[in-house]
Amino acid sequence: MAEPRKSSVDVSYNGLNISTTLESYLKSFSYTDPASGESDSISIKVHDKEKKWINNWLPSKGDQLSASIITENWNKDGEIRKFDCGSFTIDELGAAGRPMEATIGAVSVPVSEGFSVTEKTTTWEEVTIETIASDIAVRAGISLYYEASTIKISSIEQSNENDCSFLYKLCSKYGLAMKVYKSRIIIFEESVYEKKSAVVTIDEADMKSWNYSDSMVGTYTGVNITYTDPYSGDDISVVLGSGNRIYNSNTMVDNYEEAELIGTAAVNNANKSAVSMKIVIAANKAISSSTNVNITGLGKLNGKYAVDKVTHNLSNGYTMTLQIRKIQSRLSANAMTQSSVQK
């Protein structure tokens with residue numbers, strides 16, 4: 001007879017392992033792994049009948065947690081695997097009753113408030129996105145993993161904005177993805193990851209629940225973006241793509257190359273989630289954000305999907321909630337159909 005599947009959580013608080021103590025109080029644990037646009041996060045909910053968690057055991061915002069998910073007999077008898085969720089800073093505390101319970105929320109941003117809180121004003125001249133990200137990482141005391149092409153920027157201002165928010169917006173503007181994981185800034189090109197093979201196939205029979213959405217609202221077939229030639233003073237209109245659903249961008253750009261980058265990024269960011277699904281499955285650690293999965297058993301809804309977010313849920317069993325999007329054809333700079341001078 002096969003051994004039953006088991007799952008548990010290994011948690012350290014300010015460097016001290018509290019897993020044994022936590023086990024008898026734990027009501028639920030979740031770990032959220034987004035591909036881009038936000039930091040990883042965890043949420044811990046505990047029973048608090050004895051009111052320990054709102055008294056002597058109450059943690060403080062800014063304290064540190066690290067967490068791993070342990071599975072036993074998940075894929076085969078006797079197998080024990082550890083999935084490292086990373087390190088986190090407590091940023092949210094809650095309590096409710098009755099029954100008495102407490103919640104602890106934490107995110108993977110650095111301890112330094114200078115990264116995610118302190119507003120700064122800086123002007124960057126003749127730099128690359130990698131250089132800006134590297135400087136911000138140094139200020140935050142964390143490392144940078146940059147896996148993207150070199151993008152040059154002649155001038156950009158960070159105006160009364162914290163480093164984290166500024167860098168997220170900058171990456172999105174130029175078509176890059178960014179997240180913070182294990183005290184490291186990670187920047188990459190989603191288009192490259194979309195071309196990779198699916199890590200697993202998920203059939204409808206494997207889904208505990210699912211819903212599907214397909215919408216044209218907010219999607220585009222092309223973009224019109226304008227810049228001023230620094231030598232002639234003429235306004236140059238660049239149109240990428242074709243069709244009736246043209247996005248008119250009012251973003252200021254300095255040259256044709258920047259118009260291509262920002263214009264295509266705007267359309268691709270708008271279009272990438274046109275066809276999406278949210279599914280719940282038994283946990284499969286082969287799946288993480290930015291990987292791809294094949295969906296089968298759903299007729300015309302089948303296909304290759306990119307994973308935008310994974311939420312690991314440990315409560316009554318161990319499940320994953322996946323937010324996925326069907327991989328679309330991307331608008332590229334080669335789709336230019338018009339470049340004209342407006343008198």
# chains A, B, ... in the order shown; residues from 1 in each chain; ligands from 1

$ select_by_dssp --residues "region 112-269 of chain A" --states "strand (DSSP E)" --output "PyMOL selection string"
chain A and resi 120-128+143-147+152-161+177-180+184-188+200-203+207-214+222-228+235-241+246-249

$ select_by_dssp --residues "region 142-245 of chain A" --states "helix (DSSP H, G or I)" --output "VMD selection string"
chain A and resid 163 to 173 190 to 194 204 to 206

$ write_last_selection --atoms "C-alpha atoms" --output "PDB file, in the first residue's frame"
ATOM      1  CA  ASP A 163      13.359  52.608  -5.792  1.00  0.00           C
ATOM      2  CA  CYS A 164      11.185  49.508  -5.934  1.00  0.00           C
ATOM      3  CA  SER A 165       8.193  51.191  -7.583  1.00  0.00           C
ATOM      4  CA  PHE A 166      10.395  53.182  -9.966  1.00  0.00           C
ATOM      5  CA  LEU A 167      12.289  50.115 -11.167  1.00  0.00           C
ATOM      6  CA  TYR A 168       9.101  48.066 -11.652  1.00  0.00           C
ATOM      7  CA  LYS A 169       7.609  50.792 -13.844  1.00  0.00           C
ATOM      8  CA  LEU A 170      10.830  51.311 -15.780  1.00  0.00           C
ATOM      9  CA  CYS A 171      11.130  47.601 -16.628  1.00  0.00           C
ATOM     10  CA  SER A 172       7.476  47.365 -17.680  1.00  0.00           C
ATOM     11  CA  LYS A 173       7.804  50.466 -19.867  1.00  0.00           C
ATOM     12  CA  GLU A 190       9.093  37.366 -20.766  1.00  0.00           C
ATOM     13  CA  SER A 191       9.183  36.867 -24.548  1.00  0.00           C
ATOM     14  CA  VAL A 192      12.250  34.633 -24.162  1.00  0.00           C
ATOM     15  CA  TYR A 193      10.619  32.555 -21.419  1.00  0.00           C
ATOM     16  CA  GLU A 194       7.433  32.134 -23.467  1.00  0.00           C
ATOM     17  CA  GLU A 204      -8.960  19.084 -17.151  1.00  0.00           C
ATOM     18  CA  ALA A 205      -9.292  15.857 -15.144  1.00  0.00           C
ATOM     19  CA  ASP A 206      -6.342  17.005 -12.989  1.00  0.00           C
TER      20      ASP A 206
END

$ residues_around --residues "Thr150 (chain A)" --least-positions-apart "3" --cutoff "12 Å" --atoms "only C-alpha atoms" --output "JSON, numbers by chain"
{"A": [127, 128, 129, 130, 131, 132, 146, 147, 153, 174, 176, 187, 188, 189, 261]}

$ atom_distance --atom1 "CA of Ile202 (chain A)" --atom2 "CA of Thr311 (chain A)"
16.4 Å

$ residues_around --residues "region 266-274 of chain A" --least-positions-apart "2" --cutoff "6 Å" --atoms "only C-alpha atoms" --output "PyMOL selection string"
chain A and resi 214-215+219+263-264+276+325

$ atom_distance --atom1 "CA of Asn294 (chain A)" --atom2 "CA of Thr201 (chain A)"
4.5 Å

$ residues_around --residues "Ile42 (chain A)" --least-positions-apart "6" --cutoff "9 Å" --atoms "only C-alpha atoms" --output "JSON, numbers by chain"
{"A": [29, 30, 31, 32, 67, 85, 88, 104, 105, 106, 107, 108]}

$ write_last_selection --atoms "N, CA, C and O atoms" --output "compact mmCIF listing (two decimals), in the first residue's frame"
# COMPACT_ATOMS: atom_id res chain seq x y z
N PHE A 29 -1.08 28.06 5.62
CA PHE A 29 0.13 28.74 5.13
C PHE A 29 0.00 28.90 3.63
O PHE A 29 -0.43 27.97 2.93
N SER A 30 0.35 30.06 3.12
CA SER A 30 0.37 30.25 1.67
C SER A 30 1.62 31.00 1.26
O SER A 30 2.13 31.86 1.99
N TYR A 31 2.12 30.63 0.09
CA TYR A 31 3.28 31.28 -0.51
C TYR A 31 2.90 31.68 -1.92
O TYR A 31 2.47 30.85 -2.71
N THR A 32 3.04 32.98 -2.23
CA THR A 32 2.66 33.49 -3.54
C THR A 32 3.91 33.86 -4.33
O THR A 32 4.75 34.64 -3.86
N ALA A 67 11.07 30.53 5.04
CA ALA A 67 10.12 29.42 5.01
C ALA A 67 10.44 28.44 3.90
O ALA A 67 10.93 28.81 2.83
N CYS A 85 11.05 28.61 -0.08
CA CYS A 85 10.24 29.77 -0.49
C CYS A 85 11.06 31.06 -0.45
O CYS A 85 10.71 32.03 -1.15
N PHE A 88 11.84 36.61 4.00
CA PHE A 88 10.76 37.59 3.95
C PHE A 88 10.85 38.56 5.12
O PHE A 88 11.38 38.24 6.19
N ILE A 104 -0.06 36.56 9.94
CA ILE A 104 1.22 37.22 9.73
C ILE A 104 1.48 37.25 8.24
O ILE A 104 1.48 36.21 7.57
N GLY A 105 1.68 38.43 7.70
CA GLY A 105 2.01 38.58 6.29
C GLY A 105 3.42 39.11 6.12
O GLY A 105 3.87 39.97 6.89
N ALA A 106 4.14 38.58 5.12
CA ALA A 106 5.53 39.01 4.91
C ALA A 106 5.84 39.01 3.42
O ALA A 106 5.28 38.22 2.66
N VAL A 107 6.73 39.91 3.02
CA VAL A 107 7.11 40.06 1.60
C VAL A 107 8.61 39.92 1.45
O VAL A 107 9.38 40.08 2.41
N SER A 108 9.03 39.66 0.22
CA SER A 108 10.45 39.37 -0.02
C SER A 108 11.27 40.61 -0.32
O SER A 108 12.38 40.50 -0.83

$ residues_around --residues "Asn313 (chain A)" --least-positions-apart "4" --cutoff "12 Å" --atoms "only C-alpha atoms" --output "list in words"
Ser7, Ser8, Val9, Lys27, Ser28, Phe29, Ser30, Tyr31, Thr32, Asp33, Ile42, Ser43, Ile44, Lys45, Ile69, Val280, Ile281, Ala282, Ala283, Asn284, Gly317, Tyr318, Thr319, Met320, Thr321 and Leu322 of chain A

$ write_last_selection --atoms "N, CA and C atoms" --output "compact mmCIF listing (two decimals), in the first residue's frame"
# COMPACT_ATOMS: atom_id res chain seq x y z
N SER A 7 2.49 16.95 3.90
CA SER A 7 3.13 18.25 3.65
C SER A 7 3.20 19.03 4.96
N SER A 8 4.26 19.81 5.11
CA SER A 8 4.45 20.61 6.31
C SER A 8 5.27 21.84 5.95
N VAL A 9 5.40 22.73 6.94
CA VAL A 9 6.12 23.98 6.71
C VAL A 9 7.27 24.09 7.70
N LYS A 27 -2.94 27.08 11.18
CA LYS A 27 -4.23 26.87 10.53
C LYS A 27 -4.07 26.81 9.01
N SER A 28 -3.24 27.69 8.47
CA SER A 28 -2.97 27.67 7.03
C SER A 28 -1.68 28.43 6.74
N PHE A 29 -1.08 28.06 5.62
CA PHE A 29 0.13 28.74 5.13
C PHE A 29 0.00 28.90 3.63
N SER A 30 0.35 30.06 3.12
CA SER A 30 0.37 30.25 1.67
C SER A 30 1.62 31.00 1.26
N TYR A 31 2.12 30.63 0.09
CA TYR A 31 3.28 31.28 -0.51
C TYR A 31 2.90 31.68 -1.92
N THR A 32 3.04 32.98 -2.23
CA THR A 32 2.66 33.49 -3.54
C THR A 32 3.91 33.86 -4.33
N ASP A 33 4.01 33.30 -5.53
CA ASP A 33 5.18 33.42 -6.40
C ASP A 33 4.74 34.07 -7.71
N ILE A 42 4.39 35.62 1.74
CA ILE A 42 3.82 34.50 2.46
C ILE A 42 2.76 35.02 3.43
N SER A 43 1.84 34.14 3.78
CA SER A 43 0.83 34.45 4.78
C SER A 43 0.67 33.25 5.70
N ILE A 44 0.72 33.50 7.00
CA ILE A 44 0.60 32.45 8.01
C ILE A 44 -0.61 32.76 8.89
N LYS A 45 -1.53 31.81 9.00
CA LYS A 45 -2.69 31.98 9.88
C LYS A 45 -2.62 30.93 10.98
N ILE A 69 8.69 24.55 2.22
CA ILE A 69 7.60 23.58 2.23
C ILE A 69 8.21 22.18 2.10
N VAL A 280 -6.93 25.38 -10.00
CA VAL A 280 -6.44 24.83 -8.75
C VAL A 280 -6.11 23.36 -8.99
N ILE A 281 -4.90 22.97 -8.62
CA ILE A 281 -4.44 21.60 -8.83
C ILE A 281 -3.73 21.11 -7.56
N ALA A 282 -3.53 19.81 -7.47
CA ALA A 282 -2.64 19.27 -6.44
C ALA A 282 -1.24 19.82 -6.70
N ALA A 283 -0.51 20.10 -5.64
CA ALA A 283 0.79 20.76 -5.78
C ALA A 283 1.73 19.99 -6.69
N ASN A 284 2.40 20.72 -7.56
CA ASN A 284 3.41 20.16 -8.46
C ASN A 284 4.58 21.13 -8.48
N GLY A 317 -4.67 19.84 3.12
CA GLY A 317 -3.88 19.32 2.02
C GLY A 317 -2.98 20.40 1.46
N TYR A 318 -2.36 20.09 0.34
CA TYR A 318 -1.40 21.00 -0.30
C TYR A 318 -1.80 21.16 -1.76
N THR A 319 -2.29 22.35 -2.10
CA THR A 319 -2.71 22.63 -3.47
C THR A 319 -1.98 23.86 -4.00
N MET A 320 -2.09 24.04 -5.32
CA MET A 320 -1.57 25.23 -5.97
C MET A 320 -2.69 25.91 -6.74
N THR A 321 -2.74 27.22 -6.64
CA THR A 321 -3.62 28.02 -7.48
C THR A 321 -2.75 28.70 -8.53
N LEU A 322 -3.04 28.44 -9.80
CA LEU A 322 -2.24 28.99 -10.90
C LEU A 322 -3.03 30.05 -11.65

$ atom_distance --atom1 "CA of Glu119 (chain A)" --atom2 "CA of Asp135 (chain A)"
15.5 Å
